[in-house]
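Structure below is target_33.pdb: PDB, C-alpha atoms, pLDDT in the B column.
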ATOM      1  CA  MET A   1     176.896 -76.529 128.490  1.00 89.00           C
ATOM      2  CA  PRO A   2     173.967 -75.820 126.146  1.00 95.00           C
ATOM      3  CA  LYS A   3     170.378 -76.212 127.118  1.00 95.00           C
ATOM      4  CA  LEU A   4     168.770 -79.565 126.380  1.00 96.00           C
ATOM      5  CA  LYS A   5     165.856 -79.774 124.002  1.00 96.00           C
ATOM      6  CA  THR A   6     162.579 -81.196 125.253  1.00 97.00           C
ATOM      7  CA  ASN A   7     160.921 -83.779 123.024  1.00 98.00           C
ATOM      8  CA  ARG A   8     157.688 -81.982 122.191  1.00 98.00           C
ATOM      9  CA  ALA A   9     155.741 -85.158 121.383  1.00 98.00           C
ATOM     10  CA  ALA A  10     156.553 -86.546 124.823  1.00 98.00           C
ATOM     11  CA  ALA A  11     155.734 -83.233 126.503  1.00 98.00           C
ATOM     12  CA  LYS A  12     152.209 -83.418 125.096  1.00 97.00           C
ATOM     13  CA  ARG A  13     151.696 -87.001 126.292  1.00 98.00           C
ATOM     14  CA  PHE A  14     153.252 -87.141 129.763  1.00 98.00           C
ATOM     15  CA  LYS A  15     152.949 -84.955 132.865  1.00 97.00           C
ATOM     16  CA  ALA A  16     155.307 -85.258 135.820  1.00 97.00           C
ATOM     17  CA  THR A  17     153.928 -85.957 139.285  1.00 96.00           C
ATOM     18  CA  ALA A  18     155.336 -84.578 142.530  1.00 96.00           C
ATOM     19  CA  SER A  19     156.903 -87.950 143.362  1.00 94.00           C
ATOM     20  CA  GLY A  20     158.924 -87.968 140.130  1.00 94.00           C
ATOM     21  CA  SER A  21     156.776 -90.422 138.227  1.00 96.00           C
ATOM     22  CA  PHE A  22     154.765 -89.618 135.123  1.00 98.00           C
ATOM     23  CA  LYS A  23     151.084 -89.892 134.341  1.00 98.00           C
ATOM     24  CA  ARG A  24     149.588 -90.544 130.928  1.00 98.00           C
ATOM     25  CA  ASN A  25     146.198 -90.925 129.321  1.00 98.00           C
ATOM     26  CA  GLN A  26     144.946 -94.384 128.426  1.00 97.00           C
ATOM     27  CA  SER A  27     144.563 -95.655 124.894  1.00 97.00           C
ATOM     28  CA  CYS A  28     141.584 -97.310 123.142  1.00 96.00           C
ATOM     29  CA  ARG A  29     139.172 -94.400 123.500  1.00 96.00           C
ATOM     30  CA  ARG A  30     139.358 -92.710 120.096  1.00 96.00           C
ATOM     31  CA  HIS A  31     137.075 -94.766 117.855  1.00 97.00           C
ATOM     32  CA  ILE A  32     135.100 -98.011 117.660  1.00 97.00           C
ATOM     33  CA  LEU A  33     133.380 -97.017 120.889  1.00 97.00           C
ATOM     34  CA  THR A  34     130.006 -98.642 120.237  1.00 98.00           C
ATOM     35  CA  LYS A  35     131.176-102.132 121.164  1.00 97.00           C
ATOM     36  CA  LYS A  36     132.836-100.958 124.379  1.00 98.00           C
ATOM     37  CA  SER A  37     130.780-100.888 127.545  1.00 98.00           C
ATOM     38  CA  ASN A  38     130.018 -97.668 129.405  1.00 98.00           C
ATOM     39  CA  LYS A  39     132.048 -98.909 132.355  1.00 98.00           C
ATOM     40  CA  ARG A  40     135.075 -99.553 130.174  1.00 98.00           C
ATOM     41  CA  LYS A  41     134.863 -96.143 128.493  1.00 98.00           C
ATOM     42  CA  ARG A  42     134.420 -94.402 131.837  1.00 98.00           C
ATOM     43  CA  GLN A  43     137.465 -96.141 133.326  1.00 98.00           C
ATOM     44  CA  LEU A  44     139.573 -95.235 130.287  1.00 98.00           C
ATOM     45  CA  ARG A  45     138.976 -91.538 131.044  1.00 97.00           C
ATOM     46  CA  SER A  46     141.196 -91.464 134.108  1.00 97.00           C
ATOM     47  CA  PRO A  47     144.965 -91.104 133.674  1.00 97.00           C
ATOM     48  CA  ILE A  48     147.316 -93.802 134.969  1.00 98.00           C
ATOM     49  CA  LEU A  49     150.959 -93.841 136.007  1.00 98.00           C
ATOM     50  CA  VAL A  50     153.680 -94.878 133.597  1.00 98.00           C
ATOM     51  CA  ASP A  51     155.362 -98.174 134.483  1.00 97.00           C
ATOM     52  CA  ALA A  52     158.577 -97.849 136.476  1.00 96.00           C
ATOM     53  CA  VAL A  53     160.717 -99.440 133.751  1.00 97.00           C
ATOM     54  CA  ASP A  54     159.680 -96.711 131.279  1.00 97.00           C
ATOM     55  CA  VAL A  55     160.333 -93.728 133.559  1.00 97.00           C
ATOM     56  CA  PRO A  56     164.093 -93.398 132.794  1.00 97.00           C
ATOM     57  CA  MET A  57     163.379 -93.207 129.062  1.00 97.00           C
ATOM     58  CA  ILE A  58     160.768 -90.490 129.579  1.00 98.00           C
ATOM     59  CA  LYS A  59     163.145 -88.538 131.822  1.00 97.00           C
ATOM     60  CA  ARG A  60     165.602 -88.436 128.918  1.00 97.00           C
ATOM     61  CA  LEU A  61     162.907 -87.061 126.616  1.00 97.00           C
ATOM     62  CA  LEU A  62     161.751 -84.498 129.220  1.00 97.00           C
ATOM     63  CA  PRO A  63     164.940 -83.219 130.882  1.00 96.00           C
ATOM     64  CA  TYR A  64     163.236 -80.371 132.758  1.00 95.00           C
ATOM     65  CA  ALA A  65     160.121 -82.208 133.955  1.00 88.00           C
TER      66      ALA A  65
END

Would you mind writing the structure in this file as structure tokens?
Amino acid sequence: MPKLKTNRAAAKRFKATASGSFKRNQSCRRHILTKKSNKRKRQLRSPILVDAVDVPMIKRLLPYA
């Protein structure tokens, strides 16, 4: 059986955790930052876990993660 190709766009966006879930960066921190509070921008820095319903789809895109 041939090797499976990894989706490179997904590989740049998601990192696997030891428990088998995936973490991702949060959105809304690229531009229009002046109207956002410092607290909101600071909290958007930290990565969060991908929802459980989306994990099977990401596992298909990242077969070796």

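Of the listed residues A:Arg30, A:Lys3, A:Arg60, A:Arg8, the one whose atoms come nearest to Arg45 in chain A is A:Arg30, with distances taken using all atoms listed in the file.
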
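With the shown file loaded, the PyMOL selection byres ((chain A and resi 59) around 12) picks out A:Leu4, A:Thr6, A:Asn7, A:Ala10, A:Ala11, A:Phe14, A:Lys15, A:Ala16, A:Gly20, A:Ser21, A:Phe22, A:Val50, A:Ala52, A:Val53, A:Asp54, A:Val55, A:Pro56, A:Met57, A:Ile58, A:Arg60, A:Leu61, A:Leu62, A:Pro63, A:Tyr64, A:Ala65.
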
Residues as selected, C-alpha atoms, written as an mmCIF file, in the coordinates of the input, can you do that?
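Output below, filename part-v9.cif:
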data_model
loop_
_atom_site.group_PDB
_atom_site.id
_atom_site.type_symbol
_atom_site.label_atom_id
_atom_site.label_comp_id
_atom_site.auth_asym_id
_atom_site.auth_seq_id
_atom_site.Cartn_x
_atom_site.Cartn_y
_atom_site.Cartn_z
ATOM 1 C CA LEU A 4 168.770 -79.565 126.380
ATOM 2 C CA THR A 6 162.579 -81.196 125.253
ATOM 3 C CA ASN A 7 160.921 -83.779 123.024
ATOM 4 C CA ALA A 10 156.553 -86.546 124.823
ATOM 5 C CA ALA A 11 155.734 -83.233 126.503
ATOM 6 C CA PHE A 14 153.252 -87.141 129.763
ATOM 7 C CA LYS A 15 152.949 -84.955 132.865
ATOM 8 C CA ALA A 16 155.307 -85.258 135.820
ATOM 9 C CA GLY A 20 158.924 -87.968 140.130
ATOM 10 C CA SER A 21 156.776 -90.422 138.227
ATOM 11 C CA PHE A 22 154.765 -89.618 135.123
ATOM 12 C CA VAL A 50 153.680 -94.878 133.597
ATOM 13 C CA ALA A 52 158.577 -97.849 136.476
ATOM 14 C CA VAL A 53 160.717 -99.440 133.751
ATOM 15 C CA ASP A 54 159.680 -96.711 131.279
ATOM 16 C CA VAL A 55 160.333 -93.728 133.559
ATOM 17 C CA PRO A 56 164.093 -93.398 132.794
ATOM 18 C CA MET A 57 163.379 -93.207 129.062
ATOM 19 C CA ILE A 58 160.768 -90.490 129.579
ATOM 20 C CA ARG A 60 165.602 -88.436 128.918
ATOM 21 C CA LEU A 61 162.907 -87.061 126.616
ATOM 22 C CA LEU A 62 161.751 -84.498 129.220
ATOM 23 C CA PRO A 63 164.940 -83.219 130.882
ATOM 24 C CA TYR A 64 163.236 -80.371 132.758
ATOM 25 C CA ALA A 65 160.121 -82.208 133.955
#

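Separating CA of Arg42 in chain A from CA of Ala18 in chain A is a distance of 25.5 Å.
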
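When CA of Asn25 in chain A is paired with CA of Lys39 in chain A, their separation reads 16.5 Å.
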
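The space between CA of Leu33 in chain A and CA of Ile48 in chain A spans 20.1 Å.
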
Distance criterion (all atoms listed in the file): nearest to Leu49 in chain A out of A:Arg29, A:Arg13, A:Lys35, A:Arg24 = A:Arg24

Please complete range 12-38 of chain A with N, CA and C atoms and give it back as a compact mmCIF listing (two decimals), in the coordinates of the input.
# COMPACT_ATOMS: atom_id res chain seq x y z
N LYS A 12 153.65 -83.46 125.25
CA LYS A 12 152.21 -83.42 125.10
C LYS A 12 151.53 -84.65 125.68
N ARG A 13 152.28 -85.73 125.86
CA ARG A 13 151.70 -87.00 126.29
C ARG A 13 151.87 -87.31 127.77
N PHE A 14 152.93 -86.79 128.38
CA PHE A 14 153.25 -87.14 129.76
C PHE A 14 153.33 -85.90 130.63
N LYS A 15 152.84 -86.03 131.87
CA LYS A 15 152.95 -84.96 132.86
C LYS A 15 153.64 -85.52 134.09
N ALA A 16 154.57 -84.79 134.65
CA ALA A 16 155.31 -85.26 135.82
C ALA A 16 154.45 -85.10 137.08
N THR A 17 154.60 -86.05 137.99
CA THR A 17 153.93 -85.96 139.28
C THR A 17 154.93 -85.44 140.31
N ALA A 18 154.45 -85.12 141.49
CA ALA A 18 155.34 -84.58 142.53
C ALA A 18 156.35 -85.61 143.00
N SER A 19 156.00 -86.89 142.90
CA SER A 19 156.90 -87.95 143.36
C SER A 19 157.97 -88.30 142.33
N GLY A 20 157.92 -87.70 141.14
CA GLY A 20 158.92 -87.97 140.13
C GLY A 20 158.49 -88.98 139.10
N SER A 21 157.30 -89.50 139.23
CA SER A 21 156.78 -90.42 138.23
C SER A 21 156.07 -89.61 137.15
N PHE A 22 155.47 -90.30 136.20
CA PHE A 22 154.76 -89.62 135.12
C PHE A 22 153.39 -90.23 134.97
N LYS A 23 152.42 -89.38 134.63
CA LYS A 23 151.08 -89.89 134.34
C LYS A 23 150.80 -89.71 132.86
N ARG A 24 149.93 -90.57 132.35
CA ARG A 24 149.59 -90.54 130.93
C ARG A 24 148.13 -90.91 130.76
N ASN A 25 147.56 -90.53 129.63
CA ASN A 25 146.20 -90.92 129.32
C ASN A 25 146.19 -92.34 128.77
N GLN A 26 145.06 -93.01 128.89
CA GLN A 26 144.95 -94.38 128.43
C GLN A 26 144.52 -94.42 126.96
N SER A 27 144.89 -95.49 126.31
CA SER A 27 144.56 -95.66 124.89
C SER A 27 143.21 -96.33 124.74
N CYS A 28 142.82 -96.58 123.51
CA CYS A 28 141.58 -97.31 123.14
C CYS A 28 140.33 -96.50 123.40
N ARG A 29 140.38 -95.19 123.28
CA ARG A 29 139.17 -94.40 123.50
C ARG A 29 138.93 -93.40 122.37
N ARG A 30 139.49 -93.65 121.22
CA ARG A 30 139.36 -92.71 120.10
C ARG A 30 138.22 -93.08 119.15
N HIS A 31 138.10 -94.35 118.81
CA HIS A 31 137.07 -94.77 117.86
C HIS A 31 136.67 -96.19 118.17
N ILE A 32 135.70 -96.69 117.43
CA ILE A 32 135.10 -98.01 117.66
C ILE A 32 134.62 -98.08 119.11
N LEU A 33 133.83 -97.10 119.51
CA LEU A 33 133.38 -97.02 120.89
C LEU A 33 132.05 -97.72 121.12
N THR A 34 131.34 -98.08 120.05
CA THR A 34 130.01 -98.64 120.24
C THR A 34 130.05 -100.02 120.87
N LYS A 35 131.09 -100.79 120.59
CA LYS A 35 131.18 -102.13 121.16
C LYS A 35 131.76 -102.15 122.57
N LYS A 36 132.25 -101.03 123.04
CA LYS A 36 132.84 -100.96 124.38
C LYS A 36 131.76 -100.56 125.37
N SER A 37 131.80 -101.16 126.54
CA SER A 37 130.78 -100.89 127.54
C SER A 37 130.99 -99.50 128.16
N ASN A 38 129.92 -98.98 128.75
CA ASN A 38 130.02 -97.67 129.40
C ASN A 38 131.03 -97.70 130.53
